[in-house]
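Student: Below you will find the structure I want to go over with you.
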Amino acid sequence: EFAQTNYENAITRDNLLSMLYPRFVLAKQLLADTGAIFCSIDDRNHAYIKCLMDEVFGEKNFIGNLVWRKKSGGGQQDEFFVTEHEYILSYRKTNNFEWIDYNDEVQEKDFRYDDNDGKGKYSITKLEKWGSAAHKEDRKTMYFPIVDPEGNDFYPVAPDKLPGRWRVGLKRMNRLIAENGIYWNKDEEENRWIPYEKNYLSNSKGKLQKSRSVLYKLAETGDATKQLTSIFGTKDEFDNPKPIELIQFILEHTHCDLVLDFFAGSGTTGHAVMKMNEDEENRQFILCQVNEITEKNPNGIAYDVTAKRLKRVMTGSC
């Protein structure tokens with residue numbers, strides 16, 4: 001028999017691992033090939049749960065480790081330093097899983113240039129490579145001359161004034177030249193021309209922005225407590241609830257029609273899905289929660305908190 005989840009007292013690590021192992025095995029069977037599982041865990045148990053999930057889901061299917069900043073104040077009674085974070089271990093079932101990156105909206109104000117040639121407005125991006133690997137030795141095939149507006153051979157120069165390299169290859173550079181896709185600007189201080197690539201508004205679809213592994217300003221446990229207070233009208237219905245913004249962040253980056261949370265707690269996952277469905281999405285959810293009786297919840301957590309929260313959110317009585 002496996003250990004019961006206990007929200008008021010920490011269970012021993014061997015019981016925790018014994019409890020989670022069969023649940024992870026079952027979760028893997030239930031996952032779609034495009035699906036993934038996300039497990040929130042603290043410092044104390046992170047390493048052990050990571051090893052367990054490596055065994056069940058396969059180390060090759062480890063997506064990454066999100067670090068969530070769960071609080072930004074208090075903690076002055078901690079023995080050494082204030083622990084502000086928890087981890088979210090992320091695993092996919094197969095390599096068919098896709099993490100969706102945000103696509104920044106194109107802002108017309110960013111396109112300040114216009115040659116009045118019928119192609120419309122454009123922005124510019126420097127063609128000489130900057131940052132890391134910007135020297136000729138880093139990519140010798142991307143060190144070649146183009147002709148500047150004065151008819152001279154122009155070679156790329158690195159930020160430290162040593163021979164540099166282009167940001168694009170010869171084939172793409174020749175296409176830019178043929179299509180009048182290079183904007184030249186004279187730097188009077190350095191007495192040299194600087195070439196830029198023209199990026200036309202009509203061809204721009206926004207820029208994909210990779211997510212960051214540290215969720216620093218997303219939402220905190222205190223925000224989640226306020227959310228519960230607004231629903232129940234009283235504080236301390238549930239210890240350490242998760243904010244709906246945390247679940248929404250994960251769901252916004254994944255393709256999922258059906259969400260399963262088998263440690264539902266206060267019902268944050270269901271609340272987050274319903275909130276997202278207000279924007280014409282159509283996700284469904286299944287929540288599982290042992291109806292554990294505590295001092296705060298004499299009728300059980302599932303009855304007093306989880307189900308009651310979802311009913312109030314669904315009926316708008318909160």
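How things are named: the first chain in the structure tokens is A, the next is B, and so on; residues count from 1 in each chain; ligands count from 1 in the order shown.
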Please produce, as a tab-separated table, a per-residue contact table for range 75-161 of chain A versus range 256-270 of chain A (criterion: any atom at most 12 Å away, only C-alpha atoms considered), showing the nearest atom pair and its distance in Å to one decimal, sorted by chain then residue number.
Tutor:
```
residue	atom	partner	partner_atom	distance
A:Phe97	CA	A:Cys256	CA	10.2
A:Glu98	CA	A:Cys256	CA	10.4
A:Trp99	CA	A:Cys256	CA	10.9
A:Ile100	CA	A:Cys256	CA	11.3
```
Student: Could those selected residues go to a file with N, CA, C and O atoms, as a short mmCIF file (atom, residue, chain, number, x, y, z; two decimals), in the first residue's frame?
Tutor:
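Final output, selection_21.cif:
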```cif
data_model
loop_
_atom_site.label_atom_id
_atom_site.label_comp_id
_atom_site.auth_asym_id
_atom_site.auth_seq_id
_atom_site.Cartn_x
_atom_site.Cartn_y
_atom_site.Cartn_z
N PHE A 97 6.63 15.78 -29.22
CA PHE A 97 6.22 16.94 -28.41
C PHE A 97 6.82 18.22 -28.99
O PHE A 97 7.95 18.25 -29.46
N GLU A 98 6.03 19.30 -28.94
CA GLU A 98 6.51 20.61 -29.42
C GLU A 98 6.27 21.67 -28.35
O GLU A 98 5.16 21.79 -27.83
N TRP A 99 7.31 22.40 -28.02
CA TRP A 99 7.19 23.56 -27.13
C TRP A 99 6.95 24.78 -28.00
O TRP A 99 7.71 25.08 -28.91
N ILE A 100 5.88 25.51 -27.75
CA ILE A 100 5.48 26.63 -28.61
C ILE A 100 6.12 27.92 -28.11
O ILE A 100 5.92 28.31 -26.96
#
```
Student: Find the spatial neighbours of range 57-62 of chain A, counting only C-alpha atoms, within a cut-off of 6 Å - ignore same-chain residues fewer than 3 positions away - and output them as a compact mmCIF listing (two decimals) with all heavy atoms, in the first residue's frame.
Tutor:
```
# COMPACT_ATOMS: atom_id res chain seq x y z
N MET A 53 11.99 10.19 -12.51
CA MET A 53 11.38 10.53 -13.79
C MET A 53 12.29 10.15 -14.95
O MET A 53 11.81 9.78 -16.03
CB MET A 53 11.01 12.01 -13.83
CG MET A 53 9.96 12.39 -12.79
SD MET A 53 9.36 14.10 -12.92
CE MET A 53 8.20 13.96 -14.29
N ASP A 54 13.61 10.22 -14.75
CA ASP A 54 14.54 9.74 -15.77
C ASP A 54 14.30 8.26 -16.06
O ASP A 54 14.33 7.81 -17.21
CB ASP A 54 15.99 9.93 -15.31
CG ASP A 54 16.49 11.35 -15.53
OD1 ASP A 54 15.84 12.11 -16.27
OD2 ASP A 54 17.55 11.69 -14.97
N TYR A 91 9.04 16.65 -18.75
CA TYR A 91 9.38 15.50 -19.60
C TYR A 91 8.33 15.33 -20.69
O TYR A 91 7.14 15.51 -20.45
CB TYR A 91 9.43 14.22 -18.77
CG TYR A 91 10.66 14.10 -17.89
CD1 TYR A 91 10.73 14.78 -16.68
CD2 TYR A 91 11.74 13.32 -18.27
CE1 TYR A 91 11.86 14.68 -15.88
CE2 TYR A 91 12.87 13.21 -17.47
CZ TYR A 91 12.92 13.89 -16.27
OH TYR A 91 14.04 13.80 -15.48
N ARG A 92 8.78 14.96 -21.86
CA ARG A 92 7.88 14.62 -22.95
C ARG A 92 7.73 13.10 -23.02
O ARG A 92 8.57 12.36 -22.48
CB ARG A 92 8.43 15.15 -24.28
CG ARG A 92 9.76 14.50 -24.65
CD ARG A 92 10.38 15.12 -25.87
NE ARG A 92 11.65 14.44 -26.20
CZ ARG A 92 12.44 14.78 -27.21
NH1 ARG A 92 12.11 15.79 -27.99
NH2 ARG A 92 13.56 14.10 -27.45
```
Student: Could you pull the residues within 12 Å of Arg312 in chain A, counting only C-alpha atoms, minus those fewer than 3 positions along the same chain, as a ChimeraX atom specification?
Tutor: /A:228,230-233,267,270-271,274,304-309,315-318
Student: Using only N, CA, C and O atoms, please write the residues we just selected to a file, as a tab-separated table (two decimals), in the first residue's frame.
Tutor:
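The file below, selection.tsv, is the result:
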```
chain	number	residue	atom	x	y	z
A	228	LEU	N	-7.51	32.57	-4.05
A	228	LEU	CA	-8.39	31.72	-3.25
A	228	LEU	C	-9.26	32.55	-2.32
A	228	LEU	O	-10.45	32.25	-2.12
A	230	SER	N	-10.35	35.52	-2.81
A	230	SER	CA	-11.42	36.18	-3.59
A	230	SER	C	-12.56	35.20	-3.90
A	230	SER	O	-13.71	35.61	-4.10
A	231	ILE	N	-12.23	33.91	-3.92
A	231	ILE	CA	-13.25	32.90	-4.22
A	231	ILE	C	-14.02	32.49	-2.97
A	231	ILE	O	-15.25	32.41	-2.97
A	232	PHE	N	-13.28	32.27	-1.87
A	232	PHE	CA	-13.91	31.75	-0.65
A	232	PHE	C	-14.26	32.84	0.37
A	232	PHE	O	-15.03	32.60	1.30
A	233	GLY	N	-13.65	34.02	0.21
A	233	GLY	CA	-13.95	35.10	1.13
A	233	GLY	C	-13.18	35.04	2.42
A	233	GLY	O	-13.29	35.92	3.27
A	267	GLY	N	-7.17	22.96	-6.90
A	267	GLY	CA	-7.89	23.04	-8.17
A	267	GLY	C	-7.37	24.10	-9.12
A	267	GLY	O	-8.08	24.51	-10.04
A	270	GLY	N	-7.61	23.26	-13.01
A	270	GLY	CA	-8.94	23.41	-13.59
A	270	GLY	C	-9.33	24.86	-13.75
A	270	GLY	O	-9.91	25.26	-14.77
A	271	HIS	N	-9.02	25.68	-12.75
A	271	HIS	CA	-9.31	27.11	-12.80
A	271	HIS	C	-8.57	27.76	-13.97
A	271	HIS	O	-9.13	28.56	-14.72
A	274	MET	N	-10.21	26.81	-17.36
A	274	MET	CA	-11.46	27.55	-17.58
A	274	MET	C	-11.19	29.01	-17.90
A	274	MET	O	-11.88	29.61	-18.74
A	304	ASP	N	-14.18	20.42	0.25
A	304	ASP	CA	-14.20	21.78	0.79
A	304	ASP	C	-13.46	22.79	-0.07
A	304	ASP	O	-13.78	23.98	-0.03
A	305	VAL	N	-12.47	22.34	-0.82
A	305	VAL	CA	-11.64	23.28	-1.58
A	305	VAL	C	-11.73	23.04	-3.09
A	305	VAL	O	-12.23	23.88	-3.83
A	306	THR	N	-11.27	21.88	-3.54
A	306	THR	CA	-11.14	21.64	-4.98
A	306	THR	C	-12.47	21.79	-5.72
A	306	THR	O	-12.61	22.62	-6.62
A	307	ALA	N	-13.44	20.97	-5.35
A	307	ALA	CA	-14.73	20.99	-6.05
A	307	ALA	C	-15.46	22.32	-5.84
A	307	ALA	O	-16.07	22.87	-6.77
A	308	LYS	N	-15.41	22.83	-4.61
A	308	LYS	CA	-16.12	24.08	-4.31
A	308	LYS	C	-15.54	25.24	-5.12
A	308	LYS	O	-16.27	26.09	-5.63
A	309	ARG	N	-14.22	25.27	-5.25
A	309	ARG	CA	-13.57	26.33	-6.04
A	309	ARG	C	-14.04	26.27	-7.49
A	309	ARG	O	-14.42	27.30	-8.08
A	315	THR	N	-19.79	28.93	-12.02
A	315	THR	CA	-21.08	29.62	-11.88
A	315	THR	C	-20.93	31.12	-11.75
A	315	THR	O	-21.92	31.86	-11.73
A	316	GLY	N	-19.66	31.58	-11.64
A	316	GLY	CA	-19.41	33.01	-11.51
A	316	GLY	C	-19.78	33.56	-10.14
A	316	GLY	O	-19.94	34.77	-9.98
A	317	SER	N	-19.88	32.67	-9.15
A	317	SER	CA	-20.28	33.11	-7.79
A	317	SER	C	-19.06	33.38	-6.93
A	317	SER	O	-19.01	33.00	-5.77
A	318	CYS	N	-18.05	34.02	-7.50
A	318	CYS	CA	-16.86	34.33	-6.72
A	318	CYS	C	-16.33	35.71	-7.13
A	318	CYS	O	-16.80	36.30	-8.09
```
Student: Hey, what's within 6 Å of range 111-126 of chain A if we count only C-alpha atoms and toss same-chain stuff fewer than 5 positions away? As number ranges by chain, please?
Tutor: A: 196-201
Student: Output as a PyMOL selection string all residues of range 80-307 of chain A that backbone DSSP marks as strand (DSSP E or B).
Tutor: chain A and resi 85-92+99+102-103+113-114+121-126+128+135+146-147+153-154+157+163-164+166+182-187+192-200+208-209+214-215+254+258-261+284-287
Student: Identify which of the residues A:Ser202, A:Asn240, A:Ser40, A:Gln77 lies closest to Thr225 in chain A, counting only C-alpha atoms when measuring atom-to-atom distances.
Tutor: A:Asn240
Student: Report, in Å to a single decimal, how far apart CA of Leu218 in chain A and CA of Glu108 in chain A are.
Tutor: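 About the pair CA of Glu108 in chain A and CA of Leu218 in chain A: they are 28.1 Å apart.
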Student: Quick one: of A:Ala219, A:Ile293, A:Leu170, A:Ala32, who's nearest to Ser72 in chain A, counting only C-alpha atoms?
Tutor: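 Residue with the minimum atom-to-atom distance to Ser72 in chain A: A:Ala219.
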Student: Any idea what's packed within 9 Å of Leu246 in chain A, counting only C-alpha atoms, ignoring anything in its chain fewer than 4 positions away? Could you give it as a list in words?
Tutor: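 Residues meeting the cut-off are Trp68, Leu215, Leu218, Ala219, Glu220, Lys242, Ile250, Leu251 and Ala272 of chain A.
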Student: Write to file, as a PDB file, in the first residue's frame, the residues of the selection just made, with N, CA, C and O atoms.
Tutor:
```pdb
ATOM      1  N   TRP A  68      10.819  28.372 -10.789  1.00  0.00           N
ATOM      2  CA  TRP A  68       9.738  29.327 -10.520  1.00  0.00           C
ATOM      3  C   TRP A  68      10.026  30.082  -9.225  1.00  0.00           C
ATOM      4  O   TRP A  68      10.205  29.473  -8.177  1.00  0.00           O
ATOM      5  N   LEU A 215      11.434  31.562 -14.224  1.00  0.00           N
ATOM      6  CA  LEU A 215      10.163  32.289 -14.213  1.00  0.00           C
ATOM      7  C   LEU A 215      10.209  33.270 -13.048  1.00  0.00           C
ATOM      8  O   LEU A 215       9.756  32.986 -11.946  1.00  0.00           O
ATOM      9  N   LEU A 218       6.559  35.948 -12.874  1.00  0.00           N
ATOM     10  CA  LEU A 218       5.305  35.399 -13.392  1.00  0.00           C
ATOM     11  C   LEU A 218       4.151  35.618 -12.406  1.00  0.00           C
ATOM     12  O   LEU A 218       3.211  36.346 -12.689  1.00  0.00           O
ATOM     13  N   ALA A 219       4.220  35.003 -11.273  1.00  0.00           N
ATOM     14  CA  ALA A 219       3.241  35.148 -10.189  1.00  0.00           C
ATOM     15  C   ALA A 219       3.795  34.363  -9.019  1.00  0.00           C
ATOM     16  O   ALA A 219       4.626  33.465  -9.191  1.00  0.00           O
ATOM     17  N   GLU A 220       3.334  34.678  -7.817  1.00  0.00           N
ATOM     18  CA  GLU A 220       3.893  34.054  -6.624  1.00  0.00           C
ATOM     19  C   GLU A 220       2.804  33.339  -5.818  1.00  0.00           C
ATOM     20  O   GLU A 220       1.611  33.466  -6.120  1.00  0.00           O
ATOM     21  N   LYS A 242      -0.851  27.061  -5.879  1.00  0.00           N
ATOM     22  CA  LYS A 242      -0.165  27.548  -7.070  1.00  0.00           C
ATOM     23  C   LYS A 242      -1.032  28.622  -7.735  1.00  0.00           C
ATOM     24  O   LYS A 242      -2.263  28.513  -7.771  1.00  0.00           O
ATOM     25  N   ILE A 250       2.472  27.236 -18.737  1.00  0.00           N
ATOM     26  CA  ILE A 250       2.792  25.929 -19.299  1.00  0.00           C
ATOM     27  C   ILE A 250       1.837  25.569 -20.430  1.00  0.00           C
ATOM     28  O   ILE A 250       2.250  25.129 -21.504  1.00  0.00           O
ATOM     29  N   LEU A 251       0.542  25.786 -20.209  1.00  0.00           N
ATOM     30  CA  LEU A 251      -0.450  25.412 -21.218  1.00  0.00           C
ATOM     31  C   LEU A 251      -0.325  26.241 -22.487  1.00  0.00           C
ATOM     32  O   LEU A 251      -0.548  25.730 -23.595  1.00  0.00           O
ATOM     33  N   ALA A 272      -7.292  27.384 -14.158  1.00  0.00           N
ATOM     34  CA  ALA A 272      -6.490  27.965 -15.240  1.00  0.00           C
ATOM     35  C   ALA A 272      -7.061  27.596 -16.606  1.00  0.00           C
ATOM     36  O   ALA A 272      -7.130  28.435 -17.509  1.00  0.00           O
TER      37      ALA A 272
END
```
Student: Within 9 Å of Asp42 in chain A, counting only C-alpha atoms, which residues qualify if same-chain residues fewer than 5 places away don't, as a VMD selection string?
Tutor: chain A and resid 85 to 88
Student: Could you go through range 30-229 of chain A and tell me which residues DSSP, when run on the backbone, assigns to helix (DSSP H, G or I), listing them as number ranges by chain?
Tutor: A: 30, 43-57, 59-61, 108-110, 136-138, 140-142, 170-178, 201-203, 221-229
Student: Can those selected residues be exported to a file as an mmCIF file, in the first residue's frame so that it contains C-alpha atoms?
Tutor:
```cif
data_model
loop_
_atom_site.group_PDB
_atom_site.id
_atom_site.type_symbol
_atom_site.label_atom_id
_atom_site.label_comp_id
_atom_site.auth_asym_id
_atom_site.auth_seq_id
_atom_site.Cartn_x
_atom_site.Cartn_y
_atom_site.Cartn_z
ATOM 1 C CA LEU A 30 -2.103 7.964 -20.506
ATOM 2 C CA ASP A 43 14.829 21.745 -3.323
ATOM 3 C CA ARG A 44 14.696 18.907 -0.822
ATOM 4 C CA ASN A 45 13.286 16.291 -3.198
ATOM 5 C CA HIS A 46 14.233 17.643 -6.616
ATOM 6 C CA ALA A 47 17.263 15.391 -7.213
ATOM 7 C CA TYR A 48 15.400 12.220 -6.208
ATOM 8 C CA ILE A 49 12.302 12.934 -8.293
ATOM 9 C CA LYS A 50 14.543 13.795 -11.264
ATOM 10 C CA CYS A 51 16.159 10.339 -11.063
ATOM 11 C CA LEU A 52 12.747 8.688 -10.763
ATOM 12 C CA MET A 53 11.375 10.526 -13.792
ATOM 13 C CA ASP A 54 14.539 9.740 -15.772
ATOM 14 C CA GLU A 55 13.846 6.054 -15.140
ATOM 15 C CA VAL A 56 10.160 6.172 -16.074
ATOM 16 C CA PHE A 57 10.138 8.660 -18.962
ATOM 17 C CA GLU A 59 16.516 10.778 -19.704
ATOM 18 C CA LYS A 60 16.425 11.540 -23.437
ATOM 19 C CA ASN A 61 12.868 12.835 -22.965
ATOM 20 C CA GLU A 108 4.812 49.290 -37.812
ATOM 21 C CA LYS A 109 6.603 52.048 -35.911
ATOM 22 C CA ASP A 110 9.752 49.892 -35.971
ATOM 23 C CA LYS A 136 37.143 35.851 -39.798
ATOM 24 C CA GLU A 137 38.687 32.755 -38.195
ATOM 25 C CA ASP A 138 35.307 31.740 -36.785
ATOM 26 C CA LYS A 140 36.234 31.835 -43.010
ATOM 27 C CA THR A 141 33.654 31.085 -45.723
ATOM 28 C CA MET A 142 31.700 34.140 -44.530
ATOM 29 C CA LEU A 170 27.499 34.336 -49.958
ATOM 30 C CA LYS A 171 24.305 33.022 -51.589
ATOM 31 C CA ARG A 172 22.006 35.149 -49.450
ATOM 32 C CA MET A 173 24.309 38.163 -49.786
ATOM 33 C CA ASN A 174 24.213 37.931 -53.587
ATOM 34 C CA ARG A 175 20.406 37.804 -53.432
ATOM 35 C CA LEU A 176 20.321 40.929 -51.264
ATOM 36 C CA ILE A 177 22.597 42.734 -53.708
ATOM 37 C CA ALA A 178 20.478 41.691 -56.713
ATOM 38 C CA LEU A 201 7.237 45.243 -43.223
ATOM 39 C CA SER A 202 5.299 43.331 -45.879
ATOM 40 C CA ASN A 203 7.484 40.250 -45.311
ATOM 41 C CA THR A 221 2.286 31.928 -3.926
ATOM 42 C CA GLY A 222 0.947 35.126 -2.368
ATOM 43 C CA ASP A 223 -0.922 35.860 -5.603
ATOM 44 C CA ALA A 224 -2.441 32.381 -5.467
ATOM 45 C CA THR A 225 -3.569 32.927 -1.870
ATOM 46 C CA LYS A 226 -5.284 36.149 -2.928
ATOM 47 C CA GLN A 227 -7.026 34.266 -5.732
ATOM 48 C CA LEU A 228 -8.394 31.721 -3.255
ATOM 49 C CA THR A 229 -9.428 34.462 -0.831
#
```
Student: Mind giving me the straight-line distance from CA of Trp184 in chain A to CA of Ser204 in chain A in Å, one decimal?
Tutor: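 Going from CA of Trp184 in chain A over to CA of Ser204 in chain A, I get 20.8 Å.
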Student: Find the residue from A:Ser213, A:Val313, A:Glu237, A:Glu188 that sits nearest to Arg69 in chain A; use only C-alpha atoms when measuring.
Tutor: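 Ranking A:Ser213, A:Val313, A:Glu237, A:Glu188 by distance to Arg69 in chain A, first place goes to A:Ser213.
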Student: If we count only C-alpha atoms and set the cut-off at 6 Å, which residues sit around range 149-156 of chain A, ignoring sequence neighbours fewer than 6 positions away in its own chain? Please answer as a list in words.
Tutor: Glu128, Gly164 and Arg165 of chain A
Student: Using C-alpha atoms, can you write the selected residues to a file as a PDB file, in the first residue's frame?
Tutor:
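New file result.pdb:
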```pdb
ATOM      1  CA  GLU A 128      28.584  42.531 -40.111  1.00  0.00           C
ATOM      2  CA  GLY A 164      35.375  39.958 -39.173  1.00  0.00           C
ATOM      3  CA  ARG A 165      32.699  37.931 -40.941  1.00  0.00           C
TER       4      ARG A 165
END
```
Student: Calculate how many Å separate CA of Lys93 in chain A from CA of Gly64 in chain A, rounding to one decimal.
Tutor: 13.3 Å
